[in-house]
Amino acid sequence: MKLFYPKLGKHKLSCLLILFAGIIGNPETDLFAQSSGDSLTELPIVDIIASRLDEYTIGLNHEKIDSLSLTYYRTSSLASVLGDLTPIFIKSYGVGSLSTISFRGTAAHHSGVYWNGFNLNPANIGMSDLSLFPLAFFESVEILYGGASSLYGSGNIGGGLHLKNLPAFYKMKKIDVELAYGSFNEMEAIGTAVMANSKWYSKTVIMGKNMLNDFTYTNYNVPEPIEERQQNSELSQYGIMQDIHRKISSDQYVYLGLWYQKSSRNIPPTLTMSESKAWQIDRAFRSSLRYTKYFKRGTVNLKAAWFSEFLHYVDEISNIDSEILVNTIMSELEWKCEISGNLHMNTGLSYSSTTADIEAYNGDKNQNSLAFYLMLIHEMNFIPWKVNLNMRQELIEGYKVPFTPSLGFEGKIWNFIYGKMNFSQNFRIPSMNDRYWIPGGNENLEPEKSLNEEVSIIFKPMNMKKSLNADISLSIFNALIKNWIQWIPSSQGFWTPENIMEVRSRGVEFRTRLSLMTKHIITKINLGYTYTKSTNVHESHSLNGKQLIYVPLHKVSGQIIIETRFFTFLYSQSYNGIRYILRDNSESLPAYSVANVNISKGFKIKKQQLRLQFDVFNIWGREYQSIAYRPMPGRSYKLGLRFMIN
Amino acid sequence: MKKRNLMFLVIALLAVFTACEKNEIGDDTDNPYLPSDTSAQKSYVLISNEGPFLTGTGSITRYDRVLKTCQKKVFENANNYPPGNIVQSVEVYDNKVFIIVNNANKIEIANDSSFESIAVIENISLPRYLLPIDKNKAYVSCWDDKVAVIDLVNYEVINSIAVGVGPEKMLRYENKVFVLNIGGFGNDSTLSVIDCNSDVVDTTFFVASRPSGIVLDKNSNIWVMCSGTGFNGYPLPGDSPGHLICIDPGDYSIIQDITFTSSTEHPYKLVINHLKDILFYLYPGGIFKFNINSNSLESIPFVASSSMFYALGFDDEEELIYVSDPLDYVQQGWVFKYDATNGTVVDSFESGVIPGGFYFN
């Protein structure tokens with residue numbers, strides 16, 4: 001397998017990042033990771049840590065965020081990258097506030113979020129706030145669409161987000177400092193130090209961010225529309241990520257990752273409230289350790305992680321002062337081998353234990369789970385297709401977890417046309433809150449179960465002209481989710497979760513990537529459209545056929561990147577259709593479309609590099625709300641300066 | 001008749017235009033009915049709909065008893081802005097509508113026929129219910145554990161009276177105002193009595209845990225419904241049963257104290273019929289009835305229902321019981337009308353998100 005990489009030169013850092021993203025690259029899906037630079041050189045691919053995500057996802061759509069985009073969004077957030085570049089709908093309570101993802105018409109807790117293969121969704125809530133994951137910490141952001149419980153277990157019904165730290169074993173010393181200043185007193189600093197040789201790779205990233213976030217907006221919810229300034233919206237975030245990769249020998253690798261982060265933020269009021277005196281602090285320490293040994297026809301991966309997450313939420317008005325401490329230990333033993341030339345196997349065992357110390361649980365609660373999996377890939381010899389069978393059984397205390405198999409196919413149909421298919425059974429166990437929260441917690445809940453199917457067709461006329469690349473894909477997906485858990489009210493303000501809903505989510509994802517390279521200019525155009533119909537299935541119920549709230553039927557995202565020798569220009573625009581805010585679909589939020597522009601220019605002074613970047617967010621100054629009555633900022637600016645010392 | 005049709009058409013068109021002007025929240029409800037004659041205008045019921053929790057706005061629905069039609073969002077449609085987050089209750093006095101908006105810390109005051117805004121009282125902390133005292137003065141119970149005294153001429157808070165924890169429903173008897181301290185975000189079991197001439201707390205006395213409803217009967221006795229501690233259907237250690245307590249408003253002596261048998265099922269809400277001799281309250285299983293001359297509770301509901309009713313009201317004019325069903329609280333809730341003599345359902349209509357209070361004109 002060979003891949004094209006740009007020569008390490010003009011834009012060293014971005015090249016490096018590309019290299020990182022490319023190391024585990026899969027030519028099927030990684031077409032867009034390359035960029036910048038005038039001439040391209042071939043480099044042999046070094047497959048250090050091919051994960052299940054790269055190999056055993058046959059039939060699913062696996063996408064890597066273009067590494068150049070990652071550099072442009074470095075001081076922005078993960079939520080904005082995904083919102084601008086992917087079909088994922090981001091439910092955002094505001095800049096820096098709670099942001100959750102919704103894949104294919106499902107809820108945030110139906111989306112897996114992983115760091116180097118470890119589940120970041122804590123068992124107490126079963127979902128993640130993307131605003132707590134600084135983009136600068138990761139070399140690779142990958143998205144897996146569709147059900148993947150056969151690979152990752154509970155919660156992978158809509159899709160998954162995978163954040164990775166990747167090494168490069170060659171001699172280098174690099175210091176990279178990025179400073180940014182933006183509207184509403186946003187200040188951010190990111191420092192990165194990389195030291196590596198053929199045996200060691202160490203990367204330290206330190207980030208700090210502060211913003212007043214006191215943007216103005218027009219409030220139409222008062223007698224005379226007035227300009228108001230956002231109140232109680234300050235936030236600060238700092239963190240450190242330390243990665244150490246060690247190449248013991250050409251067939252043995254060790255990785256240690258340490259990640260500490262503290263985020264403090266005030267929670268602004270909605271437009272219909274008079275004030276808010278709520279704030280929250282999130283503090284997390286996460287560590288992971290991995291040992292990899294290659295054999296002649298196989299690989300053994302042994303890994304472990306410990307996550308400790310603390311949340312302190314205070315709302316002075318409602319008299320709430322709540323502290324939550326969740327500790328999770330995870331470990332996994334994985335064995336990959338080649339049974340024969342065209343049959344590969346991946347099998348393993350994983351264990352996870354969560355202890356949650358939450359006042360509303362009335363004492364510590366514990367949840368343990370054990371999983372076995374076996375995955376097989378067969379490359380057919382009569383046609384250029386692969387077939388992939390995955391099987392996973394989890395054992396979780398207190399639940400009857402369904403067996404989750406999946407079957408995938410992919411291969412060439414004709415010339416430059418490829419096809420994919422995947423069928424899977426998936427599940428989600430209730431969160432610990434669903435189970436133990438007092439009042440309401442329901443210990444008799446059943447896991448949610450889903451059956452997912454998808455078919456894709458991909459057009460990849462790679463050789464039509466050397467300078468023009470195109471990748472067009474069309475996917476149709478369908479999922480039927482049973483036992484969907486919903487908190488429903490009882491009398492007197494107490495709610496309880498029950499397995500009452502059944503949801504059918506189906507739709508179409510259409511994506512086009514074009515890149516045109518001429519002597520001096522690289523132009524890339526990405527276009528995506530998603531149609532998602534996610535409805536209640538409830539015979540003889542008034543909600544039957546109603547679209548789920550906060551799931552837009554239509555989402556369009558488009559991006560154009562122009563790279564020249566002098567500057568890089570990026571324009572992205574996304575459109576989110578109307579979202580219902582009530583379950584009977586009687587009220588909705590209007591559609592909105594927001595565009596961002598990014599212009600950057602690099603300077604080279606001997607071996608040092610300097611990069612200037614200017615962002616304009618919401619360039620057309622659109623007034624919009626992602627969540628009802630949560631105002632979003634109008635046009636805003638950010639100036640970034642980045643030094644790279646080699 | 002023709003004239004009326006034309007009127008409807010004009011109104012429907014108007015409704016379409018106003019709907020188009022909205023730029024905040026889409027509104028799929030069309031309200032082609034507006035009061036068309038004065039007799040109908042006077043015969044209406046207002047429903048306060050709390051609105052979605054956390055983020056959202058409440059609304060006021062105006063139900064016309066004669067036409068049996070309702071207009072939704074009357075305040076928002078008249079003023080082009082919504083009342084705000086969590087409309088706790090609505091009151092009408094002296095041709096003015098008072099909309100008590102809990103989480104927005106304000107009271108919107110509007111004309112009772114056009115619903116056009118007259119004034120807003122802001123910076124009132126977590127208001128719950130309003131009780132008019134006279135043309136110049138009203139009391140507002142607030143969850144900062146005070147009863148705010150409102151000046152109805154200048155629309156401002158002029159005084160505040162410290163009471164128990166989480167004051168809610170109030171009832172006036174002569175110059176005494178009985179305030180139920182339901183407990184708010186904490187717990188309480190008391191009733192505070194304020195002298196409304198002097199605005200001073202006369203006394204505070206113990207009833208039972210979480211007093212939630214109060215009415216005055218034909219014998220001039222006060223009935224207080226205490227819900228007890230705990231949640232319905234979710235037994236927890238420390239739960240206490242509900243109590244129905246009859247009090248002499250003169251000397252505050254307890255005439256009767258009936259304890260509910262279960263400490264895990266809790267009564268809530270309390271209204272009295274037009275003859276002031278039969279009480280109705282909500283309890284798991286439906287709407288229950290209690291004759292003031294009785295001394296034991298009925299075990300069979302007057303109206304059996306598995307729905308979890310939320311608000312309860314009694315319409316003296318038509319002698320009907322009103323209850324609301326917010327369904328799952330994230331969609332339009334419904335109001336049901338029941339015959340107070342035989343318990344059959346008379347009518348129902350869709351009102352708004354979480355219908356939480358009634359005002360009968």
# chains A, B, ... in the order shown; residues from 1 in each chain; ligands from 1
$ interface_residues --of "chain A" --to "chain B" --cutoff "10 Å" --atoms "only C-alpha atoms" --output "ChimeraX atom specification"
/A:219-225,269-276,317-320,438-442,486-496,543,549,578-590,623-625,627-630
$ select_by_dssp --residues "stretch 343-498 of chain A" --states "alpha helix (DSSP H)" --output "ChimeraX atom specification"
/A:432-436
$ write_last_selection --atoms "C-alpha atoms" --output "JSON list (two decimals), in the first residue's frame"
[["chain", "number", "residue", "atom", "x", "y", "z"],
["A", 432, "MET", "CA", -26.10, 5.17, 35.87],
["A", 433, "ASN", "CA", -28.26, 8.28, 36.28],
["A", 434, "ASP", "CA", -31.11, 6.46, 34.56],
["A", 435, "ARG", "CA", -30.66, 3.70, 37.05],
["A", 436, "TYR", "CA", -29.79, 5.25, 40.37]]
$ atom_distance --atom1 "atom CA of A:Lys199" --atom2 "atom CA of A:Gly348"
27.9 Å
$ residues_around --residues "A:Glu188" --least-positions-apart "3" --cutoff "6 Å" --atoms "only C-alpha atoms" --output "ChimeraX atom specification"
/A:179-180,208-209
$ residues_around --residues "A:Val597" --least-positions-apart "4" --cutoff "12 Å" --atoms "only C-alpha atoms" --output "list in words"
Tyr72, Tyr73, Asp84, Gln559, Ile560, Ile561, Ile562, Thr568, Phe569, Leu570, Tyr571, Ser572, Gln573, Gln613, Phe614, Asp615, Val616, Phe617, Asn618, Ile619, Trp620, Arg635, Ser636, Tyr637, Lys638 and Leu639 of chain A
$ select_by_dssp --residues "stretch 144-194 of chain B" --states "strand (DSSP E or B)" --output "ChimeraX atom specification"
/B:146-151,156-162,167-173,176-181,190-194
$ write_last_selection --atoms "N, CA, C and O atoms" --output "short mmCIF file (atom, residue, chain, number, x, y, z; two decimals), in the first residue's frame"
data_model
loop_
_atom_site.label_atom_id
_atom_site.label_comp_id
_atom_site.auth_asym_id
_atom_site.auth_seq_id
_atom_site.Cartn_x
_atom_site.Cartn_y
_atom_site.Cartn_z
N LYS B 146 -40.49 35.03 50.82
CA LYS B 146 -41.14 36.28 51.21
C LYS B 146 -42.44 36.44 50.45
O LYS B 146 -42.65 35.82 49.41
N VAL B 147 -43.32 37.27 51.01
CA VAL B 147 -44.49 37.70 50.27
C VAL B 147 -44.24 39.16 49.90
O VAL B 147 -44.01 40.00 50.78
N ALA B 148 -44.19 39.41 48.59
CA ALA B 148 -43.92 40.77 48.13
C ALA B 148 -45.24 41.55 48.11
O ALA B 148 -46.29 41.00 47.75
N VAL B 149 -45.19 42.80 48.52
CA VAL B 149 -46.36 43.67 48.47
C VAL B 149 -46.21 44.56 47.24
O VAL B 149 -45.20 45.25 47.07
N ILE B 150 -47.22 44.48 46.36
CA ILE B 150 -47.15 45.17 45.07
C ILE B 150 -48.08 46.37 45.10
O ILE B 150 -49.22 46.26 45.53
N ASP B 151 -47.59 47.48 44.62
CA ASP B 151 -48.40 48.68 44.46
C ASP B 151 -49.09 48.59 43.10
O ASP B 151 -48.42 48.55 42.06
N GLU B 156 -45.10 48.55 41.33
CA GLU B 156 -43.78 48.31 41.89
C GLU B 156 -43.90 47.56 43.21
O GLU B 156 -44.97 47.54 43.83
N VAL B 157 -42.78 46.95 43.59
CA VAL B 157 -42.75 46.25 44.86
C VAL B 157 -42.52 47.30 45.94
O VAL B 157 -41.57 48.07 45.87
N ILE B 158 -43.42 47.36 46.92
CA ILE B 158 -43.26 48.39 47.94
C ILE B 158 -42.82 47.82 49.29
O ILE B 158 -42.37 48.55 50.16
N ASN B 159 -42.97 46.52 49.44
CA ASN B 159 -42.64 45.95 50.74
C ASN B 159 -42.48 44.45 50.55
O ASN B 159 -42.97 43.89 49.57
N SER B 160 -41.78 43.82 51.46
CA SER B 160 -41.80 42.36 51.41
C SER B 160 -41.83 41.81 52.83
O SER B 160 -41.22 42.36 53.73
N ILE B 161 -42.59 40.74 52.96
CA ILE B 161 -42.87 40.19 54.29
C ILE B 161 -42.25 38.80 54.36
O ILE B 161 -42.57 37.94 53.54
N ALA B 162 -41.36 38.61 55.32
CA ALA B 162 -40.71 37.30 55.46
C ALA B 162 -41.72 36.29 56.01
O ALA B 162 -42.40 36.55 57.00
N PRO B 167 -43.20 30.01 50.00
CA PRO B 167 -44.63 30.32 50.06
C PRO B 167 -45.29 30.17 48.70
O PRO B 167 -44.69 30.50 47.69
N GLU B 168 -46.50 29.64 48.69
CA GLU B 168 -47.20 29.46 47.41
C GLU B 168 -48.61 30.01 47.46
O GLU B 168 -48.82 31.20 47.47
N LYS B 169 -49.60 29.13 47.54
CA LYS B 169 -51.00 29.54 47.48
C LYS B 169 -51.37 30.41 48.69
O LYS B 169 -50.88 30.20 49.80
N MET B 170 -52.26 31.39 48.41
CA MET B 170 -52.70 32.29 49.48
C MET B 170 -54.22 32.35 49.46
O MET B 170 -54.84 32.19 48.41
N LEU B 171 -54.81 32.61 50.63
CA LEU B 171 -56.26 32.74 50.72
C LEU B 171 -56.56 33.87 51.70
O LEU B 171 -55.95 33.96 52.76
N ARG B 172 -57.53 34.69 51.30
CA ARG B 172 -57.87 35.79 52.19
C ARG B 172 -59.17 35.49 52.91
O ARG B 172 -60.14 35.03 52.32
N TYR B 173 -59.18 35.76 54.20
CA TYR B 173 -60.40 35.68 54.99
C TYR B 173 -60.41 36.91 55.87
O TYR B 173 -59.53 37.10 56.70
N LYS B 176 -57.28 38.76 57.05
CA LYS B 176 -56.17 37.85 57.22
C LYS B 176 -55.84 37.15 55.91
O LYS B 176 -56.76 36.70 55.21
N VAL B 177 -54.55 37.07 55.62
CA VAL B 177 -54.13 36.31 54.44
C VAL B 177 -53.36 35.09 54.91
O VAL B 177 -52.35 35.21 55.62
N PHE B 178 -53.88 33.92 54.53
CA PHE B 178 -53.24 32.65 54.90
C PHE B 178 -52.29 32.25 53.78
O PHE B 178 -52.69 32.13 52.63
N VAL B 179 -51.03 32.07 54.13
CA VAL B 179 -49.99 31.76 53.13
C VAL B 179 -49.48 30.34 53.39
O VAL B 179 -49.04 30.03 54.50
N LEU B 180 -49.53 29.51 52.35
CA LEU B 180 -49.03 28.13 52.50
C LEU B 180 -47.52 28.10 52.21
O LEU B 180 -47.10 28.47 51.13
N ASN B 181 -46.77 27.65 53.18
CA ASN B 181 -45.33 27.50 52.98
C ASN B 181 -45.05 26.06 52.57
O ASN B 181 -44.88 25.18 53.40
N THR B 190 -45.63 24.68 57.41
CA THR B 190 -46.34 25.72 58.14
C THR B 190 -47.22 26.59 57.26
O THR B 190 -47.13 26.57 56.04
N LEU B 191 -48.01 27.35 57.96
CA LEU B 191 -48.91 28.30 57.35
C LEU B 191 -48.66 29.64 58.03
O LEU B 191 -48.64 29.71 59.26
N SER B 192 -48.41 30.68 57.25
CA SER B 192 -48.20 32.01 57.84
C SER B 192 -49.46 32.83 57.65
O SER B 192 -50.11 32.74 56.61
N VAL B 193 -49.81 33.62 58.65
CA VAL B 193 -50.99 34.48 58.54
C VAL B 193 -50.53 35.93 58.58
O VAL B 193 -49.84 36.35 59.51
N ILE B 194 -50.90 36.67 57.52
CA ILE B 194 -50.50 38.08 57.44
C ILE B 194 -51.74 38.95 57.62
O ILE B 194 -52.80 38.67 57.04
#
$ closest_residue --among "A:Ile377, A:Met207, A:Met501, A:Ala123" --to "A:Leu325" --atoms "only C-alpha atoms"
A:Ala123
$ residues_around --residues "stretch 239-250 of chain A" --least-positions-apart "5" --cutoff "10 Å" --atoms "only C-alpha atoms" --output "number ranges by chain"
A: 48, 132-134, 136-138, 165-169, 190-209, 255-263, 283-294
$ write_last_selection --atoms "N, CA and C atoms" --output "short mmCIF file (atom, residue, chain, number, x, y, z; two decimals), in the first residue's frame"
data_model
loop_
_atom_site.label_atom_id
_atom_site.label_comp_id
_atom_site.auth_asym_id
_atom_site.auth_seq_id
_atom_site.Cartn_x
_atom_site.Cartn_y
_atom_site.Cartn_z
N ILE A 48 1.98 1.60 12.17
CA ILE A 48 2.41 1.29 13.53
C ILE A 48 1.28 0.72 14.37
N LEU A 132 -15.30 20.24 26.11
CA LEU A 132 -14.25 19.94 27.08
C LEU A 132 -13.05 19.24 26.45
N PHE A 133 -13.05 19.07 25.13
CA PHE A 133 -11.94 18.39 24.47
C PHE A 133 -11.22 19.34 23.53
N PRO A 134 -10.11 19.95 23.98
CA PRO A 134 -9.42 20.91 23.11
C PRO A 134 -8.83 20.21 21.88
N ALA A 136 -6.44 20.97 19.99
CA ALA A 136 -4.99 20.98 19.85
C ALA A 136 -4.32 19.76 20.47
N PHE A 137 -5.07 19.02 21.28
CA PHE A 137 -4.48 17.86 21.94
C PHE A 137 -4.36 16.63 21.04
N PHE A 138 -5.06 16.64 19.93
CA PHE A 138 -5.14 15.40 19.14
C PHE A 138 -4.55 15.58 17.75
N ASN A 165 -3.94 10.16 19.45
CA ASN A 165 -2.59 10.72 19.55
C ASN A 165 -1.66 9.76 18.84
N LEU A 166 -0.90 10.27 17.88
CA LEU A 166 -0.08 9.39 17.05
C LEU A 166 1.37 9.86 17.03
N PRO A 167 2.28 8.92 17.00
CA PRO A 167 3.70 9.28 17.04
C PRO A 167 4.35 9.32 15.66
N ALA A 168 5.58 9.79 15.63
CA ALA A 168 6.43 9.70 14.44
C ALA A 168 7.84 9.47 14.95
N PHE A 169 8.43 8.37 14.61
CA PHE A 169 9.75 8.05 15.15
C PHE A 169 10.87 8.48 14.21
N ILE A 190 -1.51 28.11 23.19
CA ILE A 190 -1.25 26.67 23.10
C ILE A 190 0.25 26.51 22.88
N GLY A 191 0.88 25.75 23.72
CA GLY A 191 2.31 25.49 23.55
C GLY A 191 2.52 24.00 23.32
N THR A 192 3.32 23.68 22.32
CA THR A 192 3.57 22.28 22.04
C THR A 192 5.08 22.06 21.96
N ALA A 193 5.56 21.02 22.60
CA ALA A 193 6.97 20.68 22.50
C ALA A 193 7.06 19.22 22.10
N VAL A 194 7.77 18.96 21.02
CA VAL A 194 7.93 17.59 20.56
C VAL A 194 9.41 17.26 20.53
N MET A 195 9.76 16.13 21.11
CA MET A 195 11.14 15.66 21.03
C MET A 195 11.07 14.21 20.61
N ALA A 196 11.80 13.90 19.59
CA ALA A 196 11.70 12.52 19.12
C ALA A 196 12.98 12.07 18.45
N ASN A 197 13.17 10.78 18.48
CA ASN A 197 14.22 10.17 17.67
C ASN A 197 13.69 8.83 17.19
N SER A 198 14.55 7.96 16.79
CA SER A 198 14.05 6.72 16.22
C SER A 198 13.46 5.78 17.27
N LYS A 199 13.69 6.10 18.56
CA LYS A 199 13.18 5.22 19.61
C LYS A 199 12.12 5.86 20.50
N TRP A 200 12.19 7.17 20.64
CA TRP A 200 11.30 7.86 21.56
C TRP A 200 10.52 8.92 20.82
N TYR A 201 9.34 9.16 21.33
CA TYR A 201 8.57 10.30 20.84
C TYR A 201 7.86 10.89 22.05
N SER A 202 8.14 12.14 22.31
CA SER A 202 7.46 12.78 23.42
C SER A 202 6.80 14.05 22.93
N LYS A 203 5.58 14.24 23.31
CA LYS A 203 4.88 15.46 22.93
C LYS A 203 4.17 16.01 24.16
N THR A 204 4.39 17.29 24.41
CA THR A 204 3.71 17.96 25.52
C THR A 204 2.89 19.09 24.93
N VAL A 205 1.65 19.12 25.25
CA VAL A 205 0.81 20.24 24.80
C VAL A 205 0.19 20.87 26.04
N ILE A 206 0.35 22.19 26.15
CA ILE A 206 -0.26 22.92 27.25
C ILE A 206 -1.19 23.95 26.64
N MET A 207 -2.39 24.00 27.12
CA MET A 207 -3.31 25.01 26.58
C MET A 207 -4.00 25.78 27.69
N GLY A 208 -4.28 27.02 27.41
CA GLY A 208 -5.03 27.84 28.35
C GLY A 208 -5.95 28.74 27.55
N LYS A 209 -7.14 28.95 28.06
CA LYS A 209 -8.11 29.72 27.31
C LYS A 209 -8.97 30.48 28.30
N TYR A 255 3.09 2.97 24.79
CA TYR A 255 2.56 4.34 24.75
C TYR A 255 1.99 4.69 26.12
N LEU A 256 2.31 5.90 26.58
CA LEU A 256 1.71 6.41 27.80
C LEU A 256 1.12 7.78 27.50
N GLY A 257 -0.13 7.96 27.82
CA GLY A 257 -0.77 9.25 27.60
C GLY A 257 -1.34 9.77 28.91
N LEU A 258 -1.06 11.04 29.21
CA LEU A 258 -1.58 11.66 30.44
C LEU A 258 -2.28 12.95 30.03
N TRP A 259 -3.43 13.15 30.59
CA TRP A 259 -4.24 14.29 30.18
C TRP A 259 -4.94 14.86 31.41
N TYR A 260 -4.62 16.12 31.71
CA TYR A 260 -5.29 16.78 32.82
C TYR A 260 -5.97 18.03 32.28
N GLN A 261 -7.13 18.28 32.76
CA GLN A 261 -7.82 19.46 32.29
C GLN A 261 -8.81 20.01 33.30
N LYS A 262 -8.86 21.33 33.35
CA LYS A 262 -9.84 21.97 34.22
C LYS A 262 -10.60 23.03 33.43
N SER A 263 -11.88 22.97 33.49
CA SER A 263 -12.70 23.96 32.81
C SER A 263 -13.66 24.56 33.82
N ARG A 283 -13.31 18.92 36.08
CA ARG A 283 -11.89 18.64 36.24
C ARG A 283 -11.69 17.16 35.91
N ALA A 284 -10.76 16.90 35.02
CA ALA A 284 -10.59 15.51 34.63
C ALA A 284 -9.12 15.16 34.54
N PHE A 285 -8.80 13.98 35.04
CA PHE A 285 -7.48 13.44 34.82
C PHE A 285 -7.66 12.10 34.12
N ARG A 286 -6.97 11.97 33.00
CA ARG A 286 -7.12 10.71 32.26
C ARG A 286 -5.73 10.18 31.91
N SER A 287 -5.58 8.91 32.04
CA SER A 287 -4.29 8.33 31.67
C SER A 287 -4.54 7.04 30.91
N SER A 288 -3.66 6.73 29.99
CA SER A 288 -3.80 5.46 29.29
C SER A 288 -2.42 4.91 28.96
N LEU A 289 -2.35 3.62 28.95
CA LEU A 289 -1.09 2.92 28.76
C LEU A 289 -1.35 1.80 27.77
N ARG A 290 -0.41 1.65 26.82
CA ARG A 290 -0.63 0.60 25.82
C ARG A 290 0.69 -0.08 25.48
N TYR A 291 0.65 -1.36 25.33
CA TYR A 291 1.83 -2.11 24.91
C TYR A 291 1.44 -2.89 23.66
N THR A 292 2.27 -2.79 22.65
CA THR A 292 1.97 -3.48 21.40
C THR A 292 3.16 -4.35 21.02
N LYS A 293 2.88 -5.58 20.67
CA LYS A 293 3.95 -6.49 20.23
C LYS A 293 3.52 -7.13 18.92
N TYR A 294 4.42 -7.03 17.95
CA TYR A 294 4.13 -7.63 16.64
C TYR A 294 4.80 -8.98 16.54
#
$ residues_around --residues "B:Asn273" --least-positions-apart "4" --cutoff "8 Å" --atoms "only C-alpha atoms" --output "NGL selection string"
:B and (277-280 or 314-316 or 319 or 340)
$ write_last_selection --atoms "N, CA and C atoms" --output "mmCIF file, in the first residue's frame"
data_model
loop_
_atom_site.group_PDB
_atom_site.id
_atom_site.type_symbol
_atom_site.label_atom_id
_atom_site.label_comp_id
_atom_site.auth_asym_id
_atom_site.auth_seq_id
_atom_site.Cartn_x
_atom_site.Cartn_y
_atom_site.Cartn_z
ATOM 1 N N ASP B 277 -69.255 23.213 49.390
ATOM 2 C CA ASP B 277 -69.424 22.112 50.333
ATOM 3 C C ASP B 277 -68.755 20.812 49.895
ATOM 4 N N ILE B 278 -68.197 20.789 48.681
ATOM 5 C CA ILE B 278 -67.488 19.582 48.234
ATOM 6 C C ILE B 278 -66.091 19.965 47.759
ATOM 7 N N LEU B 279 -65.120 19.236 48.291
ATOM 8 C CA LEU B 279 -63.736 19.482 47.887
ATOM 9 C C LEU B 279 -63.364 18.482 46.798
ATOM 10 N N PHE B 280 -62.506 18.901 45.899
ATOM 11 C CA PHE B 280 -61.923 17.996 44.900
ATOM 12 C C PHE B 280 -60.410 18.119 44.995
ATOM 13 N N PHE B 314 -61.882 24.748 39.491
ATOM 14 C CA PHE B 314 -63.340 24.573 39.524
ATOM 15 C C PHE B 314 -63.992 25.816 38.954
ATOM 16 N N ASP B 315 -64.837 25.592 37.950
ATOM 17 C CA ASP B 315 -65.520 26.697 37.304
ATOM 18 C C ASP B 315 -66.902 26.841 37.933
ATOM 19 N N ASP B 316 -67.052 27.855 38.764
ATOM 20 C CA ASP B 316 -68.324 28.075 39.463
ATOM 21 C C ASP B 316 -69.462 28.347 38.491
ATOM 22 N N GLU B 319 -70.190 25.065 36.750
ATOM 23 C CA GLU B 319 -70.136 23.978 37.721
ATOM 24 C C GLU B 319 -69.375 22.775 37.164
ATOM 25 N N ALA B 340 -69.305 18.096 37.506
ATOM 26 C CA ALA B 340 -69.013 17.978 38.939
ATOM 27 C C ALA B 340 -70.036 17.128 39.686
#
$ residues_around --residues "A:Pro447" --least-positions-apart "3" --cutoff "8 Å" --atoms "only C-alpha atoms" --output "MDAnalysis selection string"
chainID A and resid 399:401 427:430 483
$ write_last_selection --atoms "N, CA and C atoms" --output "compact mmCIF listing (two decimals), in the first residue's frame"
# COMPACT_ATOMS: atom_id res chain seq x y z
N TYR A 399 -27.90 -6.22 33.74
CA TYR A 399 -28.59 -6.14 32.45
C TYR A 399 -28.43 -7.41 31.66
N LYS A 400 -29.43 -7.67 30.84
CA LYS A 400 -29.32 -8.73 29.86
C LYS A 400 -28.92 -8.05 28.56
N VAL A 401 -27.63 -8.07 28.30
CA VAL A 401 -27.12 -7.36 27.14
C VAL A 401 -27.25 -8.23 25.89
N PHE A 427 -26.60 -1.69 20.74
CA PHE A 427 -27.33 -1.49 21.99
C PHE A 427 -26.73 -0.34 22.79
N ARG A 428 -27.49 0.05 23.77
CA ARG A 428 -27.00 1.03 24.74
C ARG A 428 -27.58 0.65 26.09
N ILE A 429 -26.72 0.54 27.08
CA ILE A 429 -27.27 0.29 28.41
C ILE A 429 -27.65 1.63 29.01
N PRO A 430 -28.61 1.63 29.91
CA PRO A 430 -29.01 2.89 30.55
C PRO A 430 -27.81 3.50 31.27
N ASN A 483 -36.89 0.13 22.73
CA ASN A 483 -36.64 0.35 24.17
C ASN A 483 -35.96 1.68 24.45
$ atom_distance --atom1 "atom CA of B:Asn77" --atom2 "atom CA of B:Val97"
14.8 Å
$ atom_distance --atom1 "atom CA of A:Ser600" --atom2 "atom CA of A:Leu212"
25.2 Å
$ closest_residue --among "B:Ser351, B:Ser296, B:Thr203, B:Asn342" --to "B:Gln256" --atoms "only C-alpha atoms"
B:Ser296
$ closest_atom_pairs --of "stretch 455-574 of chain A" --to "stretch 80-83 of chain A" --cutoff "10 Å" --atoms "only C-alpha atoms" --output "Markdown table"
| residue | atom | partner | partner_atom | distance |
| --- | --- | --- | --- | --- |
| A:Lys555 | CA | A:Gly83 | CA | 9.9 |
| A:Ser557 | CA | A:Gly83 | CA | 8.3 |
| A:Gln573 | CA | A:Gly83 | CA | 9.6 |
| A:Ser574 | CA | A:Gly83 | CA | 7.5 |
